[in-house]
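A.B. asks: Data: my_file31.cif, mmCIF, C-alpha atoms.
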data_query
loop_
_atom_site.label_atom_id
_atom_site.label_comp_id
_atom_site.auth_asym_id
_atom_site.auth_seq_id
_atom_site.Cartn_x
_atom_site.Cartn_y
_atom_site.Cartn_z
CA MET A 512 24.21 13.07 -4.38
CA THR A 513 26.65 15.96 -4.21
CA SER A 514 29.66 13.84 -3.36
CA THR A 515 32.01 12.73 -6.10
CA ALA A 516 32.19 9.27 -4.58
CA VAL A 517 29.91 6.70 -6.19
CA PRO A 518 27.75 5.04 -3.54
CA PRO A 519 26.75 1.39 -3.76
CA THR A 520 23.86 0.57 -6.04
CA GLY A 521 21.46 -0.21 -3.20
CA VAL A 522 22.25 3.10 -1.46
CA ARG A 523 21.78 5.06 -4.67
CA ARG A 524 18.37 3.44 -5.09
CA LEU A 525 17.23 4.42 -1.61
CA LEU A 526 18.86 7.87 -1.64
CA PRO A 527 18.03 9.42 -5.03
CA ALA A 528 20.06 12.34 -6.34
CA ASP A 529 17.01 14.53 -6.97
CA PRO A 530 16.55 16.61 -3.78
CA LEU A 531 12.73 16.59 -3.99
CA LEU A 532 12.53 12.83 -4.45
CA ARG A 533 15.17 12.35 -1.75
CA ARG A 534 13.03 14.29 0.74
CA LEU A 535 9.94 12.29 -0.21
CA ALA A 536 11.95 9.08 0.22
CA LEU A 537 13.17 10.19 3.64
CA MET A 538 9.60 11.01 4.66
CA SER A 539 8.52 7.52 3.59
CA LEU A 540 11.42 5.90 5.42
CA VAL A 541 10.75 7.73 8.69
CA ASN A 542 7.03 7.01 8.51
CA THR A 543 7.34 3.31 7.68
CA VAL A 544 10.03 2.60 10.28
CA GLY A 545 7.50 3.80 12.84
CA ASN A 546 4.72 1.78 11.23
CA GLY A 547 6.89 -1.33 11.25
CA LEU A 548 7.56 -0.86 14.96
CA PHE A 549 3.90 -0.45 15.87
CA VAL A 550 2.33 -3.07 13.62
CA THR A 551 4.74 -5.71 14.90
CA VAL A 552 3.76 -5.26 18.55
CA SER A 553 0.18 -3.94 18.35
CA VAL A 554 -1.69 -7.25 18.54
CA LEU A 555 0.44 -8.56 21.41
CA PHE A 556 0.00 -5.27 23.28
CA LEU A 557 -3.77 -5.40 22.91
CA THR A 558 -4.00 -9.03 24.02
CA ARG A 559 -1.32 -9.22 26.71
CA SER A 560 -1.30 -5.70 28.20
CA VAL A 561 -4.86 -4.49 27.54
CA GLY A 562 -6.40 -7.93 28.04
CA LEU A 563 -8.56 -8.14 24.91
CA THR A 564 -9.22 -11.54 23.40
CA PRO A 565 -7.82 -12.27 19.92
CA GLY A 566 -11.38 -12.44 18.61
CA LYS A 567 -12.18 -8.96 19.89
CA VAL A 568 -8.95 -7.57 18.46
CA ALA A 569 -9.79 -9.07 15.05
CA LEU A 570 -13.35 -7.71 15.22
CA GLY A 571 -12.18 -4.24 16.21
CA LEU A 572 -9.58 -4.12 13.44
CA SER A 573 -12.19 -5.25 10.91
CA MET A 574 -14.57 -2.50 12.00
CA ALA A 575 -11.75 0.02 11.74
CA GLY A 576 -10.89 -1.28 8.29
CA VAL A 577 -14.44 -0.67 7.11
CA CYS A 578 -14.22 2.91 8.38
CA GLY A 579 -10.96 3.33 6.51
CA VAL A 580 -12.58 2.36 3.22
CA PHE A 581 -14.70 5.52 3.34
CA ALA A 582 -11.86 7.88 4.31
CA GLY A 583 -10.08 8.26 0.97
CA VAL A 584 -12.61 10.25 -1.06
CA PRO A 585 -13.50 12.97 1.48
CA MET A 586 -9.85 13.38 2.48
CA GLY A 587 -8.85 13.51 -1.18
CA ARG A 588 -11.45 16.14 -1.94
CA LEU A 589 -10.26 18.17 1.03
CA ALA A 590 -6.69 17.91 -0.29
CA ASP A 591 -7.85 19.25 -3.66
CA ARG A 592 -9.46 22.18 -1.87
CA VAL A 593 -6.83 23.18 0.72
CA GLY A 594 -3.68 21.55 -0.69
CA ALA A 595 -2.18 18.15 0.02
CA ARG A 596 0.89 19.44 1.83
CA ARG A 597 -1.13 21.72 4.10
CA LEU A 598 -3.55 18.90 4.96
CA LEU A 599 -0.73 16.49 5.79
CA THR A 600 0.76 18.97 8.25
CA VAL A 601 -2.48 18.59 10.22
CA VAL A 602 -3.07 14.87 9.73
CA GLY A 603 0.47 13.83 10.74
CA PRO A 604 0.27 15.21 14.31
CA LEU A 605 -3.25 13.77 14.65
CA GLU A 606 -1.86 10.34 13.73
CA ALA A 607 0.81 10.80 16.39
CA VAL A 608 -1.84 11.57 19.01
CA ALA A 609 -3.91 8.57 17.91
CA VAL A 610 -1.07 6.06 18.21
CA VAL A 611 -0.12 7.32 21.69
CA GLY A 612 -3.79 7.01 22.60
CA TYR A 613 -3.49 3.22 22.50
CA ALA A 614 -1.49 3.45 25.74
CA PHE A 615 -4.66 4.65 27.48
CA VAL A 616 -7.02 2.02 26.07
CA HIS A 617 -8.53 -0.23 28.75
CA SER A 618 -11.75 -1.48 27.17
CA PHE A 619 -13.04 -2.95 23.93
CA ALA A 620 -15.24 0.08 23.21
CA ALA A 621 -12.32 2.48 23.62
CA PHE A 622 -10.15 0.27 21.40
CA VAL A 623 -12.74 0.20 18.60
CA ALA A 624 -13.29 3.97 18.73
CA LEU A 625 -9.57 4.74 18.66
CA ALA A 626 -8.82 2.12 15.98
CA CYS A 627 -11.53 3.61 13.74
CA VAL A 628 -10.13 7.13 14.14
CA ALA A 629 -6.54 5.97 13.59
CA THR A 630 -7.48 3.96 10.49
CA VAL A 631 -9.47 6.83 8.97
CA LEU A 632 -6.44 9.07 9.45
CA GLU A 633 -4.09 6.42 8.04
CA ARG A 634 -6.12 5.63 4.92
CA GLY A 635 -6.94 9.28 4.33
CA ALA A 636 -3.28 10.25 4.67
CA ALA A 637 -2.32 7.58 2.13
CA ALA A 638 -4.66 9.13 -0.44
CA VAL A 639 -3.40 12.63 0.31
CA ARG A 640 0.26 11.54 0.04
CA SER A 641 -0.50 9.94 -3.31
CA ALA A 642 -2.06 13.19 -4.52
CA LEU A 643 0.94 15.12 -3.18
CA ILE A 644 3.34 12.92 -5.15
CA ALA A 645 1.18 13.26 -8.26
CA ARG A 646 1.41 17.04 -8.06
CA MET A 647 5.06 17.26 -7.01
CA LEU A 648 6.81 14.93 -9.43
CA PRO A 649 7.03 15.18 -13.23
CA ALA A 650 4.58 12.93 -15.04
CA GLU A 651 7.31 11.17 -17.03
CA SER A 652 9.06 9.98 -13.84
CA GLN A 653 6.03 9.15 -11.71
CA VAL A 654 6.14 5.37 -11.98
CA ARG A 655 9.87 5.02 -11.41
CA SER A 656 9.71 7.47 -8.50
CA ARG A 657 6.82 5.61 -6.88
CA ALA A 658 8.68 2.34 -7.36
CA LEU A 659 11.65 3.79 -5.53
CA LEU A 660 9.42 5.10 -2.76
CA ARG A 661 7.82 1.68 -2.39
CA SER A 662 11.27 0.11 -2.07
CA VAL A 663 12.08 2.62 0.65
CA MET A 664 8.79 1.91 2.39
CA ASN A 665 9.47 -1.82 2.50
CA ALA A 666 12.99 -1.21 3.76
CA GLY A 667 11.50 0.97 6.51
CA LEU A 668 9.03 -1.73 7.49
CA VAL A 669 11.83 -4.29 7.73
CA ILE A 670 13.91 -1.93 9.90
CA GLY A 671 10.95 -1.15 12.14
CA SER A 672 9.90 -4.78 12.48
CA SER A 673 13.44 -5.74 13.42
CA GLY A 674 13.66 -2.93 15.95
CA ALA A 675 10.44 -4.09 17.60
CA ALA A 676 12.23 -7.30 18.67
CA LEU A 677 13.38 -5.62 21.89
CA ALA A 678 9.82 -4.74 22.88
CA LEU A 679 8.65 -8.23 22.02
CA GLN A 680 11.45 -9.71 24.09
CA SER A 681 10.58 -7.61 27.15
CA ASP A 682 6.85 -8.27 26.67
CA SER A 683 6.05 -5.43 29.07
CA TYR A 684 3.61 -2.53 29.09
CA ALA A 685 6.49 -0.06 29.26
CA GLY A 686 8.20 -1.63 26.26
CA TYR A 687 5.05 -1.52 24.16
CA VAL A 688 4.36 2.11 25.12
CA ALA A 689 7.93 3.01 24.17
CA VAL A 690 7.23 1.64 20.67
CA MET A 691 4.07 3.77 20.45
CA VAL A 692 6.03 6.88 21.39
CA LEU A 693 8.63 6.10 18.72
CA ASP A 694 5.87 5.62 16.15
CA ALA A 695 4.34 8.97 17.17
CA LEU A 696 7.74 10.62 16.77
CA SER A 697 7.97 9.14 13.27
CA PHE A 698 4.70 10.85 12.31
CA LEU A 699 6.00 14.14 13.68
CA GLY A 700 9.32 13.68 11.89
CA ALA A 701 7.65 12.99 8.56
CA THR A 702 5.45 16.06 9.09
CA ALA A 703 8.50 18.22 9.80
CA LEU A 704 10.05 17.09 6.52
CA LEU A 705 7.04 18.50 4.67
CA ALA A 706 8.36 21.99 5.35
CA GLY A 707 11.10 21.52 2.78
CA LEU A 708 8.73 20.63 -0.03
CA PRO A 709 7.88 23.33 -2.59
CA THR A 710 4.35 24.46 -3.24
CA ALA A 711 3.41 22.69 -6.47
CA GLY A 712 0.38 22.51 -8.66
CA VAL A 713 -0.83 21.08 -11.93
CA THR A 714 -1.95 23.15 -14.88
CA VAL A 715 -4.22 21.56 -17.44
CA ARG A 716 -3.37 22.24 -21.05
CA GLN A 717 -6.53 23.15 -22.89
CA GLU A 718 -6.89 21.80 -26.39
CA GLY A 719 -8.86 24.87 -27.40
CA GLY A 720 -11.09 27.55 -25.98
CA PRO A 721 -10.53 29.75 -22.97
CA ALA A 722 -8.84 28.58 -19.80
CA GLY A 723 -11.17 26.60 -17.59
CA SER A 724 -13.48 25.66 -20.48
CA VAL A 725 -12.90 21.95 -19.91
CA ARG A 726 -15.25 20.67 -17.27
CA ARG A 727 -13.62 19.04 -14.27
CA ARG A 728 -14.34 15.32 -13.99
CA THR A 729 -15.70 13.73 -10.82
CA ALA A 730 -14.12 10.43 -9.79
CA LEU A 731 -17.32 8.88 -8.44
CA ARG A 732 -19.02 9.50 -11.82
CA ASP A 733 -16.08 8.35 -13.92
CA ARG A 734 -17.31 4.88 -14.84
CA ARG A 735 -14.11 3.76 -16.54
CA TYR A 736 -12.04 4.80 -13.53
CA LEU A 737 -14.40 3.01 -11.15
CA VAL A 738 -14.23 -0.21 -13.20
CA ILE A 739 -10.44 -0.06 -13.30
CA THR A 740 -10.34 0.61 -9.56
CA ALA A 741 -12.53 -2.44 -8.92
CA LEU A 742 -10.46 -4.72 -11.18
CA HIS A 743 -7.21 -3.62 -9.57
CA ALA A 744 -8.79 -4.06 -6.13
CA LEU A 745 -9.32 -7.74 -7.01
CA LEU A 746 -5.58 -8.00 -7.66
CA GLU A 747 -5.02 -6.42 -4.22
CA LEU A 748 -6.46 -9.58 -2.67
CA GLN A 749 -2.93 -10.94 -3.12
CA PHE A 750 -1.92 -9.22 0.13
CA ALA A 751 -4.45 -11.22 2.13
CA VAL A 752 -2.97 -14.32 0.52
CA LEU A 753 0.44 -13.39 1.94
CA THR A 754 -0.69 -12.28 5.38
CA VAL A 755 -3.54 -14.71 6.04
CA GLY A 756 -3.68 -17.45 3.40
CA ILE A 757 -0.07 -18.64 3.47
CA PRO A 758 0.31 -18.85 7.28
CA LEU A 759 -2.96 -20.77 7.67
CA TRP A 760 -2.23 -23.02 4.68
CA ILE A 761 1.23 -23.92 5.97
CA VAL A 762 -0.09 -24.82 9.41
CA LEU A 763 -3.33 -26.52 8.43
CA ALA A 764 -2.64 -28.33 5.16
CA THR A 765 1.08 -28.88 4.58
CA ASP A 766 4.08 -30.54 6.22
CA ALA A 767 6.21 -27.43 5.69
CA PRO A 768 7.80 -26.06 8.88
CA ALA A 769 6.17 -23.05 10.51
CA ALA A 770 9.37 -21.11 9.85
CA ALA A 771 8.36 -21.05 6.18
CA VAL A 772 5.93 -18.25 7.09
CA ALA A 773 8.83 -15.99 8.04
CA ALA A 774 10.77 -17.08 4.95
CA VAL A 775 7.86 -16.03 2.70
CA ASN A 776 7.80 -12.57 4.31
CA VAL A 777 11.56 -12.18 3.88
CA VAL A 778 11.43 -13.23 0.22
CA ASN A 779 8.59 -10.81 -0.48
CA CYS A 780 10.16 -7.82 1.29
CA LEU A 781 13.60 -8.33 -0.24
CA LEU A 782 12.24 -8.65 -3.77
CA VAL A 783 10.21 -5.47 -3.40
CA VAL A 784 13.17 -3.53 -1.99
CA VAL A 785 15.61 -4.74 -4.65
CA PHE A 786 13.49 -5.12 -7.79
CA GLN A 787 10.49 -2.76 -7.61
CA VAL A 788 12.29 0.00 -9.53
CA ARG A 789 13.47 -2.45 -12.18
CA ALA A 790 9.96 -3.91 -12.53
CA SER A 791 8.58 -0.44 -13.28
CA ARG A 792 10.69 -0.06 -16.42
CA GLY A 793 8.60 -0.21 -19.54
CA VAL A 794 5.44 0.93 -17.73
CA ALA A 795 5.16 4.32 -19.37
CA ASP A 796 1.51 4.79 -20.34
CA VAL A 797 -1.96 3.35 -19.86
CA PRO A 798 -1.66 0.44 -22.37
CA SER A 799 1.72 -0.71 -21.00
CA ALA A 800 0.38 -0.39 -17.43
CA ALA A 801 -2.63 -2.57 -18.25
CA ARG A 802 -0.38 -5.16 -19.88
CA ALA A 803 1.90 -5.15 -16.82
CA CYS A 804 -1.12 -5.83 -14.60
CA ALA A 805 -2.23 -8.67 -16.89
CA ARG A 806 1.23 -10.28 -16.79
CA GLY A 807 1.42 -9.80 -13.05
CA ALA A 808 -2.00 -11.39 -12.63
CA LEU A 809 -0.80 -14.49 -14.49
CA LEU A 810 2.11 -14.74 -12.07
CA LEU A 811 -0.25 -14.35 -9.12
CA GLY A 812 -2.36 -17.18 -10.47
CA ALA A 813 0.72 -19.36 -10.95
CA GLY A 814 1.77 -18.60 -7.39
CA CYS A 815 -1.60 -19.80 -6.11
CA LEU A 816 -1.19 -23.11 -7.95
CA LEU A 817 2.28 -23.57 -6.48
CA TYR A 818 0.89 -22.95 -2.99
CA ALA A 819 -1.78 -25.57 -3.66
CA ALA A 820 0.88 -28.10 -4.68
CA ALA A 821 2.50 -27.78 -1.24
CA ALA A 822 -0.27 -29.94 0.20
CA HIS A 823 1.49 -32.98 -1.25
CA GLY A 824 4.94 -34.37 -0.54
CA SER A 825 7.47 -34.21 2.23
CA ALA A 826 8.23 -31.23 4.44
CA ALA A 827 11.12 -30.26 2.17
CA LEU A 828 9.03 -30.46 -0.99
CA ALA A 829 6.19 -28.53 0.64
CA ALA A 830 8.57 -25.80 1.79
CA GLY A 831 10.09 -25.66 -1.69
CA ALA A 832 6.67 -25.26 -3.29
CA ILE A 833 5.73 -22.53 -0.82
CA LEU A 834 8.94 -20.58 -1.43
CA ALA A 835 8.64 -21.00 -5.20
CA GLY A 836 5.08 -19.73 -4.97
CA ALA A 837 6.23 -16.76 -2.89
CA LEU A 838 8.87 -15.91 -5.49
CA VAL A 839 6.42 -16.02 -8.40
CA HIS A 840 3.76 -14.24 -6.34
CA SER A 841 6.18 -11.43 -5.43
CA LEU A 842 7.15 -10.92 -9.07
CA GLY A 843 3.47 -10.61 -9.89
CA GLU A 844 3.08 -8.07 -7.07
CA LEU A 845 5.87 -5.94 -8.53
CA LEU A 846 4.16 -5.76 -11.93
CA THR A 847 0.62 -5.18 -10.67
CA SER A 848 1.83 -2.41 -8.34
CA ALA A 849 3.74 -0.61 -11.10
CA GLY A 850 0.78 -0.92 -13.46
CA GLY A 851 -1.68 0.25 -10.83
CA TRP A 852 0.25 3.46 -10.12
CA THR A 853 0.18 4.45 -13.78
CA LEU A 854 -3.50 3.63 -14.21
CA SER A 855 -4.48 5.54 -11.07
CA LEU A 856 -2.53 8.63 -12.12
CA ASP A 857 -2.82 8.77 -15.91
CA LEU A 858 -6.59 8.23 -15.96
CA ALA A 859 -7.27 10.82 -13.26
CA ASP A 860 -8.32 14.41 -13.83
CA PRO A 861 -5.17 16.32 -12.79
CA ARG A 862 -7.30 19.05 -11.24
CA ALA A 863 -8.78 16.48 -8.82
CA HIS A 864 -5.86 14.21 -7.99
CA GLY A 865 -6.90 14.05 -4.36
CA GLU A 866 -10.39 12.78 -5.14
CA TYR A 867 -9.20 10.31 -7.78
CA GLN A 868 -6.43 8.94 -5.57
CA GLY A 869 -8.97 8.72 -2.76
CA VAL A 870 -11.22 6.53 -4.91
CA PHE A 871 -8.34 4.28 -5.97
CA MET A 872 -7.05 3.98 -2.40
CA SER A 873 -10.57 3.18 -1.18
CA GLY A 874 -10.67 0.28 -3.62
CA GLN A 875 -7.41 -1.01 -2.18
CA ALA A 876 -8.68 -0.54 1.37
CA ALA A 877 -11.85 -2.47 0.57
CA ALA A 878 -9.78 -5.34 -0.81
CA HIS A 879 -7.70 -5.40 2.37
CA VAL A 880 -10.87 -5.53 4.48
CA ILE A 881 -12.60 -8.35 2.59
CA GLY A 882 -9.37 -10.16 1.72
CA PRO A 883 -9.20 -12.31 4.88
CA LEU A 884 -12.84 -13.31 4.37
CA VAL A 885 -12.22 -14.24 0.72
CA VAL A 886 -9.17 -16.28 1.68
CA GLY A 887 -11.15 -18.01 4.42
CA LEU A 888 -14.02 -18.92 2.08
CA THR A 889 -11.67 -20.26 -0.58
CA VAL A 890 -8.37 -21.58 0.75
CA VAL A 891 -9.34 -22.41 4.33
CA ASP A 892 -12.73 -23.93 3.50
CA HIS A 893 -11.93 -25.63 0.18
CA GLY A 894 -8.19 -26.21 0.11
CA GLN A 895 -6.68 -26.77 -3.32
CA ALA A 896 -9.97 -26.03 -5.09
CA GLY A 897 -10.01 -22.70 -3.26
CA TRP A 898 -6.49 -21.92 -4.52
CA ALA A 899 -7.68 -22.64 -8.07
CA VAL A 900 -10.59 -20.23 -7.62
CA LEU A 901 -8.27 -17.50 -6.37
CA ALA A 902 -5.93 -18.12 -9.30
CA GLY A 903 -8.88 -17.71 -11.67
CA VAL A 904 -9.96 -14.45 -10.01
CA PHE A 905 -6.49 -12.99 -10.43
CA VAL A 906 -6.09 -14.07 -14.04
CA LEU A 907 -9.54 -12.88 -15.11
CA ALA A 908 -9.18 -9.50 -13.36
CA GLY A 909 -5.80 -8.97 -14.98
CA ALA A 910 -7.05 -9.99 -18.40
CA ALA A 911 -9.96 -7.55 -18.13
CA LEU A 912 -7.78 -4.50 -17.48
CA PRO A 913 -6.42 -4.09 -21.04
CA ALA A 914 -9.98 -4.23 -22.36
CA ALA A 915 -11.23 -1.77 -19.72
CA THR A 916 -8.51 0.74 -20.59
CA ARG A 917 -8.71 0.40 -24.37
CA GLY A 918 -9.26 3.79 -25.96
CA ALA A 919 -8.70 5.70 -22.72
CA GLU A 920 -7.00 9.05 -23.24
CA PRO A 921 -5.32 10.54 -20.17
CA PRO A 922 -5.75 14.32 -19.75
CA ALA A 923 -2.81 16.39 -20.97
CA VAL A 924 -1.07 18.07 -18.07
CA ALA A 925 1.81 20.39 -17.46
CA HIS A 926 3.60 20.40 -14.15
#
Reformat the file's structure so that it appears as structure tokens.
C.D. replies:
Amino acid sequence: MTSTAVPPTGVRRLLPADPLLRRLALMSLVNTVGNGLFVTVSVLFLTRSVGLTPGKVALGLSMAGVCGVFAGVPMGRLADRVGARRLLTVVGPLEAVAVVGYAFVHSFAAFVALACVATVLERGAAAVRSALIARMLPAESQVRSRALLRSVMNAGLVIGSSGAALALQSDSYAGYVAVMVLDALSFLGATALLAGLPTAGVTVRQEGGPAGSVRRRTALRDRRYLVITALHALLELQFAVLTVGIPLWIVLATDAPAAAVAAVNVVNCLLVVVFQVRASRGVADVPSAARACARGALLLGAGCLLYAAAAHGSAALAAGAILAGALVHSLGELLTSAGGWTLSLDLADPRAHGEYQGVFMSGQAAAHVIGPLVVGLTVVDHGQAGWAVLAGVFVLAGAALPAATRGAEPPAVAH
């Protein structure tokens, strides 16, 4: 900030002094406000205005999610070849066109085709943005910067979701289309902000021999990186717990009021916005990142057990157990996210950040696709025993990460 006035702490967190990071934060804010608008109204638009059944919407989104799993690696490789910033200037407008395209969907086949294209662009863009950040920001500030960007992203989603209330209230085709146009404008706005970013690259420091003598690694043949991606993907199942498991559990198995679903979302979003940067402190290298994931996994497991306890007792006790579980769960999310960023970056070949980030993002996308199924087979089908199984999965995956990373030496880089 150039002003001599000292802004409030929350503002300083969302508007960093560094001009490069500030522009990246503004890009994230613009993009996620639009995403929050669209995601909030998309299902109602497809069911009430297009006329698709909820089952068809769920099937189409699942098919699109599968397509998105395979988008990260080719888009990441393309970013390594042509440059992340240049690629995003093309992908952003394409995303804008895709979201406006929903206004012209009138059949299930058209919905599936468009959803697959939009999801491929979305997941691919996420990998490319991650590679862009890896190349733009100094290595020593990567985790803290990404924590700040994640706080901004959650704030944007909250703003967008709140703004979508008008469209939900009108429940009209025109209102839903207006939201799509605003989301498209957010993609174009974020793309325009790319113009102010410098052209940046990463130079590998050779430990000996002529430049270029070190052979470039390939992410899909990097066994350690693939194992770590898979283990962290298991921790990503936590998001299906929040979006699918908790709502169904509250309605089907507890006496907690339905409003507790909204309270869980508020608790989670607020904690991420306020504490993600603080949670990233101390995560400075691969060992500390793996330990952070292990601690976070323990908290995720504890959260699952608290959710299970909500099946007993009065409505007040059930709501208390759910909210306590959401608090513990969210703290675990903060740690596993901070640890995951460091692992994905520090163990990647800096000459192939796009490909490596594509692999890591594909692992996350796969977890998001199978997450609802896993939650259904555990929590929905087996109740408290299912929660115990999920808790065990989280704890074991977290405990395995320190062992999987032991002895790993990240490549030396110079920005």
A.B. asks: Between A:Val611, A:Ala877, A:Thr847, A:Ser672, which one has atoms that come closest to A:Ala741, using all atoms listed in the file?
C.D. replies: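 Residue with the minimum atom-to-atom distance to A:Ala741: A:Ala877.
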A.B. asks: Quick one, how far is atom CA of A:Val906 from atom CA of A:Val880?
C.D. replies: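 Atom CA of A:Val880 lies 20.9 Å from atom CA of A:Val906.
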A.B. asks: May I have the residues within 6 Å of stretch 899-902 of chain A as a list in words, using all atoms listed in the file and disregarding those fewer than 2 positions away in the same chain?
C.D. replies: Gly812, Cys815, Ala896, Gly897, Val904 and Phe905 of chain A
A.B. asks: Between atom CA of A:Arg596 and atom CA of A:Ala536, what distance in Å does the model show, to one decimal?
C.D. replies: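 Interatomic distance, atom CA of A:Arg596 to atom CA of A:Ala536: 15.2 Å.
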A.B. asks: Quick check, in Å to one decimal: how far apart do atom CA of A:Gly843 and atom CA of A:Ala820 lie?
C.D. replies: 18.4 Å
A.B. asks: When you count all atoms listed in the file, which of these residues is closest to A:Val839: A:Leu648, A:Leu782, A:Leu531, A:Val890?
C.D. replies: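 Closest to A:Val839, using all atoms listed in the file: A:Leu782.
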A.B. asks: Between A:Ala803, A:Leu746, A:Ala819, A:Val752, single out the one closest to A:Thr765, counting only C-alpha atoms.
C.D. replies: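 Closest to A:Thr765, using only C-alpha atoms: A:Ala819.
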A.B. asks: Give the answer as one residue: which of A:Ala675, A:Ala829, A:Ala801, A:Leu809 has the shortest atom-to-atom distance to A:Ala919, using only C-alpha atoms?
C.D. replies: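 Closest residue, counting only C-alpha atoms: A:Ala801.
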